[in-house]
>>> print(open('start.cif').read())   # mmCIF, C-alpha atoms
data_upload
loop_
_atom_site.label_atom_id
_atom_site.label_comp_id
_atom_site.auth_asym_id
_atom_site.auth_seq_id
_atom_site.Cartn_x
_atom_site.Cartn_y
_atom_site.Cartn_z
CA MET A 1 23.80 -47.54 6.73
CA ARG A 2 25.23 -46.18 10.01
CA ARG A 3 27.20 -43.39 8.33
CA PHE A 4 23.99 -42.05 6.79
CA ALA A 5 22.12 -42.01 10.11
CA PRO A 6 22.74 -38.31 10.97
CA TYR A 7 21.45 -37.22 7.59
CA LEU A 8 18.40 -39.43 7.88
CA LEU A 9 17.64 -37.92 11.27
CA VAL A 10 17.81 -34.42 9.80
CA ILE A 11 15.46 -35.33 6.96
CA ALA A 12 13.15 -37.13 9.38
CA ALA A 13 12.94 -34.04 11.59
CA ALA A 14 11.90 -31.93 8.64
CA VAL A 15 9.33 -34.48 7.54
CA VAL A 16 7.93 -34.75 11.06
CA VAL A 17 7.39 -31.00 11.18
CA THR A 18 5.51 -31.16 7.90
CA VAL A 19 3.41 -34.17 8.83
CA LEU A 20 2.52 -32.94 12.30
CA LEU A 21 1.56 -29.42 11.24
CA PRO A 22 -2.17 -29.19 12.02
CA THR A 23 -4.64 -27.32 9.87
CA PRO A 24 -6.24 -24.63 12.07
CA ASP A 25 -9.94 -24.37 12.67
CA ARG A 26 -11.42 -22.30 9.89
CA PRO A 27 -13.15 -19.60 11.97
CA VAL A 28 -10.05 -18.57 13.93
CA GLN A 29 -6.38 -17.91 13.34
CA ALA A 30 -4.00 -20.69 14.40
CA ASP A 31 -2.21 -20.32 17.74
CA VAL A 32 1.21 -20.36 16.19
CA SER A 33 3.16 -20.37 19.43
CA GLU A 34 1.33 -23.49 20.57
CA VAL A 35 1.81 -25.19 17.21
CA ALA A 36 5.49 -24.28 17.29
CA ARG A 37 5.90 -25.89 20.71
CA THR A 38 4.01 -29.06 19.85
CA THR A 39 5.97 -29.61 16.64
CA GLY A 40 9.29 -28.86 18.24
CA VAL A 41 10.45 -26.17 15.81
CA ARG A 42 12.02 -24.17 18.62
CA VAL A 43 14.53 -26.94 19.37
CA LEU A 44 15.36 -28.12 15.86
CA GLY A 45 18.89 -26.79 16.09
CA ALA A 46 20.90 -27.66 13.00
CA THR A 47 17.82 -29.05 11.27
CA ARG A 48 16.09 -25.63 11.10
CA GLY A 49 17.15 -25.10 7.48
CA TYR A 50 15.65 -28.41 6.38
CA ALA A 51 12.48 -27.79 8.37
CA THR A 52 12.12 -24.31 6.91
CA THR A 53 12.57 -25.62 3.38
CA ALA A 54 9.89 -28.22 4.02
CA LEU A 55 7.54 -25.56 5.36
CA TRP A 56 8.08 -23.25 2.37
CA LEU A 57 7.25 -26.18 0.09
CA ARG A 58 4.17 -26.98 2.15
CA ALA A 59 3.01 -23.37 2.06
CA GLY A 60 3.30 -23.32 -1.74
CA ASP A 61 1.43 -26.60 -2.03
CA ALA A 62 -1.34 -25.45 0.32
CA TYR A 63 -1.74 -22.23 -1.64
CA ARG A 64 -2.02 -24.13 -4.95
CA ARG A 65 -4.67 -26.36 -3.38
CA GLY A 66 -6.58 -23.30 -2.25
CA ASP A 67 -6.22 -24.13 1.45
CA LEU A 68 -5.57 -20.58 2.56
CA TYR A 69 -5.77 -21.28 6.29
CA GLU A 70 -3.11 -23.95 6.08
CA THR A 71 -1.06 -21.52 3.99
CA LEU A 72 -1.46 -18.91 6.71
CA ALA A 73 -0.49 -21.29 9.53
CA THR A 74 2.55 -22.49 7.59
CA TYR A 75 3.81 -18.97 6.93
CA GLU A 76 3.43 -18.18 10.62
CA LEU A 77 5.52 -21.22 11.49
CA ILE A 78 8.14 -20.08 9.00
CA ARG A 79 8.15 -16.73 10.80
CA GLU A 80 9.00 -18.61 13.99
CA LEU A 81 11.97 -20.19 12.24
CA GLN A 82 13.07 -17.22 10.11
CA PRO A 83 12.15 -14.05 12.03
CA ARG A 84 14.75 -12.04 10.09
CA ASN A 85 13.62 -13.01 6.60
CA PRO A 86 11.58 -10.09 5.12
CA ALA A 87 9.93 -12.37 2.57
CA VAL A 88 8.13 -14.18 5.40
CA TYR A 89 6.36 -10.98 6.48
CA SER A 90 5.57 -10.03 2.88
CA TYR A 91 3.96 -13.38 2.07
CA LEU A 92 2.13 -13.58 5.39
CA ALA A 93 0.77 -10.03 5.09
CA TRP A 94 -0.37 -10.66 1.53
CA ASN A 95 -2.14 -13.87 2.52
CA GLN A 96 -3.91 -12.18 5.43
CA ALA A 97 -4.93 -8.98 3.66
CA TYR A 98 -5.86 -10.33 0.24
CA ASN A 99 -6.52 -14.06 0.32
CA ILE A 100 -7.97 -14.68 3.78
CA SER A 101 -9.92 -11.41 3.89
CA ALA A 102 -11.64 -12.26 0.61
CA GLN A 103 -13.20 -15.35 2.20
CA PHE A 104 -15.67 -13.32 4.26
CA PRO A 105 -18.84 -11.68 2.95
CA GLU A 106 -19.00 -9.30 5.93
CA ARG A 107 -17.13 -6.08 5.34
CA GLU A 108 -16.03 -5.74 8.98
CA ARG A 109 -14.46 -9.19 9.00
CA ARG A 110 -12.63 -8.46 5.74
CA ALA A 111 -11.35 -5.19 7.22
CA TYR A 112 -10.06 -7.09 10.28
CA TRP A 113 -7.85 -9.32 8.11
CA VAL A 114 -6.72 -6.40 5.97
CA VAL A 115 -5.49 -4.55 9.04
CA LEU A 116 -3.91 -7.73 10.38
CA GLY A 117 -1.86 -7.94 7.20
CA LEU A 118 -0.68 -4.37 7.69
CA THR A 119 0.31 -5.04 11.31
CA THR A 120 2.33 -8.03 10.10
CA LEU A 121 4.38 -5.62 7.99
CA PHE A 122 4.80 -3.39 11.04
CA GLU A 123 6.14 -6.38 12.99
CA GLY A 124 8.59 -7.12 10.21
CA GLN A 125 9.77 -3.50 10.24
CA ARG A 126 10.35 -3.63 13.99
CA ARG A 127 12.49 -6.74 13.61
CA LEU A 128 14.21 -5.52 10.43
CA PRO A 129 14.34 -1.71 10.73
CA ASP A 130 16.91 -1.36 7.94
CA ASP A 131 15.04 -3.39 5.34
CA ALA A 132 13.74 -1.26 2.46
CA SER A 133 11.50 -3.94 0.95
CA LEU A 134 9.09 -3.95 3.89
CA ARG A 135 8.75 -0.16 3.68
CA LEU A 136 7.94 -0.47 -0.01
CA ASP A 137 5.44 -3.20 0.84
CA GLU A 138 3.74 -0.81 3.26
CA TRP A 139 3.67 1.91 0.59
CA ASN A 140 1.97 -0.44 -1.86
CA PHE A 141 -0.33 -1.73 0.86
CA ILE A 142 -1.62 1.76 1.66
CA LEU A 143 -1.99 2.56 -2.02
CA ASN A 144 -4.01 -0.54 -2.85
CA ARG A 145 -5.96 -1.47 0.28
CA SER A 146 -7.04 2.07 1.23
CA ILE A 147 -9.03 2.06 -2.01
CA SER A 148 -11.64 -0.09 -0.26
CA TYR A 149 -10.77 0.33 3.44
CA PRO A 150 -9.54 3.90 3.98
CA ALA A 151 -10.71 4.32 7.58
CA PRO A 152 -9.28 1.04 9.00
CA ILE A 153 -5.97 1.58 7.16
CA LEU A 154 -5.66 5.16 8.40
CA GLU A 155 -6.48 4.15 11.96
CA ALA A 156 -3.80 1.43 11.86
CA GLU A 157 -1.24 3.82 10.38
CA ARG A 158 -2.03 6.49 12.97
CA ASP A 159 -1.54 4.01 15.80
CA HIS A 160 1.67 2.78 14.18
CA PHE A 161 3.25 6.24 14.07
CA ASP A 162 1.93 7.03 17.57
CA GLY A 163 2.92 10.69 17.84
CA ALA A 164 5.81 10.64 15.35
CA ALA A 165 3.75 12.62 12.80
CA GLU A 166 1.61 14.67 15.14
CA THR A 167 -0.03 17.12 12.71
CA TRP A 168 -0.91 14.41 10.18
CA GLU A 169 -2.28 12.25 12.99
CA ARG A 170 -4.62 15.06 14.01
CA VAL A 171 -5.93 15.30 10.44
CA VAL A 172 -6.43 11.52 10.46
CA ASP A 173 -8.45 11.96 13.66
CA VAL A 174 -10.63 14.46 11.79
CA ALA A 175 -11.17 11.99 8.95
CA LEU A 176 -12.07 9.19 11.35
CA ARG A 177 -14.47 11.48 13.21
CA LEU A 178 -16.15 12.43 9.94
CA ARG A 179 -16.59 8.74 9.18
CA LYS A 180 -17.94 7.97 12.66
CA GLU A 181 -20.45 10.82 12.57
CA LEU A 182 -22.08 9.73 9.29
CA SER A 183 -25.74 8.84 9.48
CA ASP A 184 -26.66 5.20 8.98
CA ALA A 185 -27.82 5.98 5.44
CA ASP A 186 -24.61 7.84 4.59
CA ALA A 187 -22.46 5.09 6.12
CA ALA A 188 -24.26 2.50 4.00
CA ALA A 189 -23.83 4.66 0.87
CA LEU A 190 -20.13 5.08 1.63
CA ASP A 191 -19.61 1.35 2.08
CA ASP A 192 -21.43 0.68 -1.18
CA PHE A 193 -19.25 3.24 -2.97
CA LEU A 194 -16.06 1.75 -1.53
CA GLU A 195 -17.16 -1.75 -2.49
CA ASN A 196 -18.11 -0.95 -6.07
CA VAL A 197 -15.96 2.04 -7.04
CA GLY A 198 -13.41 2.67 -4.31
CA LEU A 199 -11.24 5.60 -3.35
CA GLN A 200 -9.22 5.36 -6.55
CA ILE A 201 -5.97 7.28 -6.73
CA ASN A 202 -7.21 9.42 -9.65
CA LEU A 203 -10.73 9.94 -8.32
CA PHE A 204 -10.40 13.60 -7.37
CA ASP A 205 -8.32 14.42 -10.44
CA THR A 206 -11.26 13.21 -12.50
CA ALA A 207 -13.63 15.21 -10.28
CA ASP A 208 -11.56 18.35 -10.89
CA ALA A 209 -11.72 17.80 -14.64
CA TYR A 210 -15.48 17.26 -14.39
CA ALA A 211 -15.89 20.46 -12.36
CA GLY A 212 -14.18 22.39 -15.16
CA LEU A 213 -16.88 21.43 -17.69
CA SER A 214 -19.81 23.59 -18.60
CA ALA A 215 -23.10 22.86 -16.85
CA THR A 216 -24.46 21.34 -20.05
CA ASP A 217 -21.51 18.98 -20.47
CA ARG A 218 -21.66 17.94 -16.81
CA GLU A 219 -25.31 17.04 -17.21
CA ARG A 220 -24.59 15.08 -20.41
CA LEU A 221 -21.74 13.18 -18.78
CA LEU A 222 -23.80 12.13 -15.77
CA ASP A 223 -26.66 10.88 -17.93
CA PRO A 224 -26.39 7.04 -18.16
CA GLY A 225 -27.81 7.35 -21.67
CA PHE A 226 -24.49 8.92 -22.69
CA GLU A 227 -23.05 5.41 -22.88
CA GLU A 228 -25.53 4.48 -25.62
CA LEU A 229 -24.28 7.23 -27.93
CA SER A 230 -21.86 6.55 -30.75
CA PRO A 231 -18.29 7.91 -30.45
CA ALA A 232 -19.21 10.61 -32.96
CA GLU A 233 -22.23 11.63 -30.86
CA GLN A 234 -20.17 11.63 -27.66
CA GLY A 235 -17.61 13.86 -29.33
CA GLU A 236 -14.70 15.35 -27.39
CA LEU A 237 -16.51 14.78 -24.12
CA GLY A 238 -16.44 11.04 -24.63
CA SER A 239 -12.74 11.01 -25.46
CA ALA A 240 -11.88 13.28 -22.51
CA PHE A 241 -13.43 10.88 -19.98
CA GLU A 242 -12.96 7.11 -20.15
CA PRO A 243 -16.06 4.97 -19.49
CA TYR A 244 -14.78 4.00 -16.03
CA GLU A 245 -14.21 7.67 -15.18
CA ARG A 246 -17.75 8.54 -16.21
CA GLU A 247 -19.04 5.76 -13.97
CA GLN A 248 -16.87 7.04 -11.13
CA MET A 249 -18.44 10.48 -11.40
CA ARG A 250 -21.98 9.12 -11.51
CA SER A 251 -21.30 7.17 -8.32
CA LEU A 252 -19.33 9.92 -6.56
CA LEU A 253 -21.63 12.86 -7.18
CA VAL A 254 -24.75 11.24 -5.74
CA LEU A 255 -23.03 11.04 -2.34
CA THR A 256 -23.92 13.60 0.31
CA PRO A 257 -21.52 16.42 1.27
CA ASP A 258 -20.74 14.63 4.54
CA VAL A 259 -19.56 11.52 2.71
CA LEU A 260 -17.61 13.58 0.18
CA ALA A 261 -15.89 15.46 3.01
CA PHE A 262 -14.71 12.19 4.55
CA LEU A 263 -13.43 10.87 1.22
CA ALA A 264 -11.54 14.08 0.44
CA VAL A 265 -9.78 14.25 3.80
CA ALA A 266 -9.10 10.50 3.86
CA HIS A 267 -7.61 10.69 0.37
CA TRP A 268 -4.95 13.21 1.39
CA CYS A 269 -4.29 11.36 4.64
CA ARG A 270 -3.53 8.12 2.81
CA LEU A 271 -1.26 9.93 0.32
CA HIS A 272 0.72 11.49 3.16
CA ALA A 273 0.80 8.10 4.90
CA MET A 274 2.54 6.75 1.80
CA VAL A 275 5.14 9.52 2.15
CA LEU A 276 5.68 8.63 5.81
CA ALA A 277 5.87 4.91 5.07
CA ILE A 278 8.54 5.05 2.37
CA THR A 279 10.78 7.87 3.62
CA PRO A 280 12.84 5.71 6.05
CA ALA A 281 13.74 3.37 3.16
CA LEU A 282 16.01 6.06 1.71
CA GLU A 283 18.45 5.34 4.53
CA ALA A 284 18.54 1.59 3.84
CA LYS A 285 21.71 0.53 2.03
CA PRO A 286 21.39 -0.76 -0.58
CA HIS A 287 17.89 -0.27 -1.90
CA GLY A 288 16.27 -0.33 -5.31
CA LEU A 289 15.38 2.74 -7.34
CA ALA A 290 11.70 1.98 -6.72
CA VAL A 291 12.13 3.58 -3.28
CA GLU A 292 12.95 7.03 -4.66
CA SER A 293 10.26 6.73 -7.32
CA ALA A 294 7.66 5.75 -4.71
CA LEU A 295 8.53 8.68 -2.46
CA LEU A 296 8.58 11.22 -5.29
CA ASN A 297 5.24 10.04 -6.66
CA ALA A 298 3.59 10.04 -3.24
CA VAL A 299 4.81 13.58 -2.55
CA ARG A 300 3.68 14.75 -5.98
CA LEU A 301 0.17 13.45 -5.36
CA ALA A 302 -0.07 14.55 -1.73
CA ASN A 303 1.05 18.09 -2.50
CA LEU A 304 -1.92 18.52 -4.85
CA ARG A 305 -4.45 17.39 -2.23
CA ILE A 306 -3.49 19.19 0.98
CA PRO A 307 -6.85 19.98 2.64
CA PRO A 308 -7.72 23.64 2.00
CA THR A 309 -9.18 23.91 5.50
CA LEU A 310 -5.76 23.59 7.15
CA ALA A 311 -4.40 26.72 8.80
CA PRO A 312 -2.05 28.63 6.44
CA GLU A 313 1.02 27.99 8.61
CA THR A 314 0.20 24.26 8.80
CA ARG A 315 -0.21 24.08 5.05
CA GLN A 316 3.11 25.85 4.59
CA ASP A 317 4.78 23.34 6.89
CA PHE A 318 3.57 20.45 4.73
CA GLU A 319 4.56 22.22 1.52
CA ARG A 320 8.03 22.91 2.92
CA GLY A 321 8.37 19.28 3.99
CA TYR A 322 7.33 18.08 0.55
CA LYS A 323 9.91 20.28 -1.16
CA GLU A 324 12.63 18.94 1.11
CA ALA A 325 11.50 15.35 0.47
CA VAL A 326 11.58 15.88 -3.30
CA ALA A 327 15.05 17.40 -3.19
CA GLN A 328 16.37 14.55 -1.05
CA ALA A 329 14.74 11.80 -3.10
CA PHE A 330 15.74 13.37 -6.43
CA VAL A 331 19.42 13.54 -5.50
CA SER A 332 19.31 10.09 -3.90
CA GLY A 333 17.59 8.68 -6.99
CA ILE A 334 20.28 10.00 -9.33
CA GLU A 335 23.04 8.59 -7.14
CA ASN A 336 21.22 5.27 -6.87
CA ALA A 337 20.59 5.11 -10.61
CA LEU A 338 24.26 5.78 -11.34
CA ARG A 339 25.21 2.98 -8.97
CA ILE A 340 22.72 0.53 -10.43
CA GLY A 341 22.81 1.27 -14.16
CA GLY A 342 25.23 4.10 -14.88
CA ARG A 343 24.53 7.28 -16.80
CA LYS A 344 21.78 5.72 -18.92
CA ALA A 345 19.77 4.75 -15.83
CA ALA A 346 20.34 8.18 -14.30
CA ASP A 347 19.17 9.89 -17.51
CA ASP A 348 16.04 7.74 -17.57
CA PHE A 349 15.29 8.54 -13.92
CA VAL A 350 15.66 12.29 -14.45
CA ASP A 351 13.54 12.19 -17.62
CA ALA A 352 10.77 10.32 -15.77
CA MET A 353 10.75 12.86 -12.94
CA LYS A 354 10.82 15.74 -15.44
CA PHE A 355 7.64 14.34 -16.98
CA ASN A 356 5.97 13.58 -13.62
CA PHE A 357 6.61 17.01 -12.13
CA GLU A 358 5.95 19.03 -15.26
CA GLY A 359 2.89 20.63 -13.69
CA GLN A 360 4.53 21.22 -10.29
CA PRO A 361 7.66 23.29 -10.89
CA ASP A 362 7.46 24.53 -7.30
CA LEU A 363 8.37 21.02 -6.11
CA LEU A 364 10.98 20.16 -8.75
CA PRO A 365 12.19 23.33 -10.51
CA PRO A 366 13.18 22.94 -14.20
CA GLU A 367 16.56 24.54 -13.50
CA LEU A 368 17.31 21.80 -10.95
CA ILE A 369 16.47 19.15 -13.52
CA GLU A 370 18.65 20.82 -16.14
CA ARG A 371 21.58 21.10 -13.73
CA ALA A 372 21.22 17.44 -12.78
CA GLN A 373 21.30 16.39 -16.45
CA GLN A 374 24.47 18.38 -16.98
CA GLU A 375 26.21 16.95 -13.93
CA ILE A 376 25.39 13.37 -14.97
CA HIS A 377 27.50 13.82 -18.10
CA GLU A 378 30.37 15.81 -16.63
#
>>> encode(input="start.cif", output="structure tokens")
Amino acid sequence: MRRFAPYLLVIAAAVVVTVLLPTPDRPVQADVSEVARTTGVRVLGATRGYATTALWLRAGDAYRRGDLYETLATYELIRELQPRNPAVYSYLAWNQAYNISAQFPERERRAYWVVLGLTTLFEGQRRLPDDASLRLDEWNFILNRSISYPAPILEAERDHFDGAAETWERVVDVALRLRKELSDADAAALDDFLENVGLQINLFDTADAYAGLSATDRERLLDPGFEELSPAEQGELGSAFEPYEREQMRSLLVLTPDVLAFLAVAHWCRLHAMVLAITPALEAKPHGLAVESALLNAVRLANLRIPPTLAPETRQDFERGYKEAVAQAFVSGIENALRIGGRKAADDFVDAMKFNFEGQPDLLPPELIERAQQEIHE
């Protein structure tokens, strides 16, 4: 029995950490530093691996049981033990921004947890500046959570960059001012729109298509009775706009010009924030091809939505930056695809970008695509 004693002590230490981990009070976030001290995780020494494994298992079990606060506290303890593991920040941010936030009926309290999840990713990036996965997490976070919480996300992103993207930050300030200056009625209408429809990525593309209709067709499309018509009665108008797009327009176009102005500026700001978030990941070695695809798609969308009220020279600066970003990401993507999957993967990547940028030859010229395809097979 004596020769097994060291191993039993190791296992016991891990079990003690699991057993002693307290479930935090529901209304507040656990004081992780205090919990870490009381459970002794800072002095586990060689037993840290066993303790961490036990905590990962406990986090999974708590999540399956629906105990989201215990899940949160456990992930934060894991962060104490594995501060250089990017998965810890990804799981913790997801739990804060999606699972915990959903527990509150009040919009402001949900927004608090959403932003807390984003700041967790920022912390991970500070500790792991060369990790591409956390940059991609931020890109996806902006894309998905700014649908319902554009102002809090933009404010957090602005503070995160803190002067590193000065012109964009000034435009974000404009968007936040537009939001702050809304009347009580407009603010309530905006919140209702964000709750039930959201700042969807294709919202203004659909609005552009709607604006191109005749006055008669616009009136028909906005009539709720349009949904009661048969496909034959709806005709080409019904096939041109999906039911969810028609509902988007009915909800969007009853908003006041002040609310629409905020949404339009905020939309471009979040698209450019996605460009800023993912760009550093190009320098991470290695990284997946999703990095180049994310950057190219963000630039493609942002270039279409640069606010028309920007000064001409400012607009030109953004357009020039977007062209440079596309060129860099396109070449990097081909090289990365060749490394990952050879010529077939590179061909697929180029074909996908050829399709995506078909309507924006100023960003990705056809001759550049053709030359790239030739060089792949040389």
>>> residues_around(input="start.cif", residues="segment 70-86 of chain A", least_positions_apart="6", cutoff="6 Å", atoms="only C-alpha atoms", output="list in words")
Thr23, Ala59, Ala62, Tyr63 and Leu92 of chain A
>>> resolve_selection(input="start.cif", expression="the PyMOL selection byres ((chain A and resi 90) around 9)", output="PyMOL selection string")
chain A and resi 86-89+91-95+117+120-121+124+133-134+137
>>> closest_residue(input="start.cif", among="A:Gln373, A:Ser251, A:Asn303, A:Gln234", to="Val275 of chain A", atoms="all atoms listed in the file")
A:Asn303
>>> resolve_selection(input="start.cif", expression="the PyMOL selection byres ((chain A and resi 306) around 12)", output="ChimeraX atom specification")
/A:168,171,264-272,299-305,307-312,314-319,322
>>> closest_residue(input="start.cif", among="A:Val254, A:Ala327, A:Leu338, A:Leu213", to="Leu190 of chain A", atoms="only C-alpha atoms")
A:Val254
>>> residues_near_point(input="start.cif", point="(-16.3, 1.1, -3.9)", cutoff="10 Å", atoms="all atoms listed in the file", output="PyMOL selection string")
chain A and resi 147-149+189-200+248+251-252
>>> resolve_selection(input="start.cif", expression="the PyMOL selection byres ((chain A and resi 138) around 9)", output="PyMOL selection string")
chain A and resi 118+121-122+133-137+139-143+274+277-278
>>> atom_distance(input="start.cif", atom1="atom CA of Ala337 of chain A", atom2="atom CA of Arg371 of chain A")
16.3 Å
>>> closest_residue(input="start.cif", among="A:Ser332, A:Pro280, A:Lys344, A:Arg220", to="Gln125 of chain A", atoms="all atoms listed in the file")
A:Pro280
>>> atom_distance(input="start.cif", atom1="atom CA of Glu378 of chain A", atom2="atom CA of Pro286 of chain A")
24.8 Å
>>> atom_distance(input="start.cif", atom1="atom CA of Asp347 of chain A", atom2="atom CA of Val291 of chain A")
17.1 Å
>>> closest_residue(input="start.cif", among="A:Gln374, A:Gln360, A:Ser239, A:Thr256", to="Ala346 of chain A", atoms="only C-alpha atoms")
A:Gln374
>>> residues_around(input="start.cif", residues="Arg246 of chain A", least_positions_apart="6", cutoff="12 Å", atoms="all atoms listed in the file", output="ChimeraX atom specification")
/A:197,203,206-207,209-210,217-227,237-240,252-253
>>> closest_residue(input="start.cif", among="A:Val115, A:Leu255, A:Ile340, A:Ala284", to="Pro129 of chain A", atoms="all atoms listed in the file")
A:Ala284
>>> residues_around(input="start.cif", residues="Leu176 of chain A", least_positions_apart="6", cutoff="12 Å", atoms="only C-alpha atoms", output="PyMOL selection string")
chain A and resi 149-156+158+169-170+182+259+261-267+269
>>> closest_residue(input="start.cif", among="A:Ala97, A:Ala111, A:Leu55, A:Leu295", to="Ala273 of chain A", atoms="all atoms listed in the file")
A:Leu295
>>> residues_around(input="start.cif", residues="Glu283 of chain A", least_positions_apart="5", cutoff="10 Å", atoms="only C-alpha atoms", output="CSV table (one decimal) with C-alpha atoms, in the frame of the given file")
chain,number,residue,atom,x,y,z
A,130,ASP,CA,16.9,-1.4,7.9
A,131,ASP,CA,15.0,-3.4,5.3
A,132,ALA,CA,13.7,-1.3,2.5
A,332,SER,CA,19.3,10.1,-3.9
>>> build_atoms(input="start.cif", residues="segment 318-337 of chain A", atoms="N, CA and C atoms", output="short mmCIF file (atom, residue, chain, number, x, y, z; two decimals), in the coordinates of the input")
data_model
loop_
_atom_site.label_atom_id
_atom_site.label_comp_id
_atom_site.auth_asym_id
_atom_site.auth_seq_id
_atom_site.Cartn_x
_atom_site.Cartn_y
_atom_site.Cartn_z
N PHE A 318 3.62 21.63 5.59
CA PHE A 318 3.57 20.45 4.73
C PHE A 318 4.23 20.73 3.39
N GLU A 319 3.97 21.88 2.81
CA GLU A 319 4.56 22.22 1.52
C GLU A 319 6.09 22.27 1.63
N ARG A 320 6.59 22.84 2.73
CA ARG A 320 8.03 22.91 2.92
C ARG A 320 8.60 21.49 3.07
N GLY A 321 7.91 20.66 3.83
CA GLY A 321 8.37 19.28 3.99
C GLY A 321 8.38 18.52 2.68
N TYR A 322 7.38 18.76 1.84
CA TYR A 322 7.33 18.08 0.55
C TYR A 322 8.48 18.52 -0.36
N LYS A 323 8.79 19.80 -0.35
CA LYS A 323 9.91 20.28 -1.16
C LYS A 323 11.22 19.65 -0.71
N GLU A 324 11.41 19.56 0.60
CA GLU A 324 12.63 18.94 1.11
C GLU A 324 12.69 17.46 0.75
N ALA A 325 11.54 16.78 0.82
CA ALA A 325 11.50 15.35 0.47
C ALA A 325 11.82 15.14 -0.99
N VAL A 326 11.30 16.00 -1.86
CA VAL A 326 11.58 15.88 -3.30
C VAL A 326 13.06 16.10 -3.57
N ALA A 327 13.64 17.13 -2.97
CA ALA A 327 15.05 17.40 -3.19
C ALA A 327 15.91 16.22 -2.74
N GLN A 328 15.60 15.68 -1.57
CA GLN A 328 16.37 14.55 -1.05
C GLN A 328 16.22 13.32 -1.93
N ALA A 329 14.98 13.01 -2.30
CA ALA A 329 14.74 11.80 -3.10
C ALA A 329 15.29 11.94 -4.51
N PHE A 330 15.24 13.15 -5.07
CA PHE A 330 15.74 13.37 -6.43
C PHE A 330 17.25 13.15 -6.48
N VAL A 331 17.96 13.74 -5.54
CA VAL A 331 19.42 13.54 -5.50
C VAL A 331 19.76 12.09 -5.20
N SER A 332 19.06 11.50 -4.23
CA SER A 332 19.31 10.09 -3.90
C SER A 332 19.02 9.18 -5.08
N GLY A 333 17.94 9.50 -5.84
CA GLY A 333 17.59 8.68 -6.99
C GLY A 333 18.65 8.72 -8.07
N ILE A 334 19.22 9.89 -8.32
CA ILE A 334 20.28 10.00 -9.33
C ILE A 334 21.49 9.19 -8.90
N GLU A 335 21.89 9.34 -7.64
CA GLU A 335 23.04 8.59 -7.14
C GLU A 335 22.78 7.09 -7.21
N ASN A 336 21.57 6.69 -6.85
CA ASN A 336 21.22 5.27 -6.87
C ASN A 336 21.19 4.74 -8.30
N ALA A 337 20.64 5.53 -9.22
CA ALA A 337 20.59 5.11 -10.61
C ALA A 337 21.99 4.95 -11.20
#
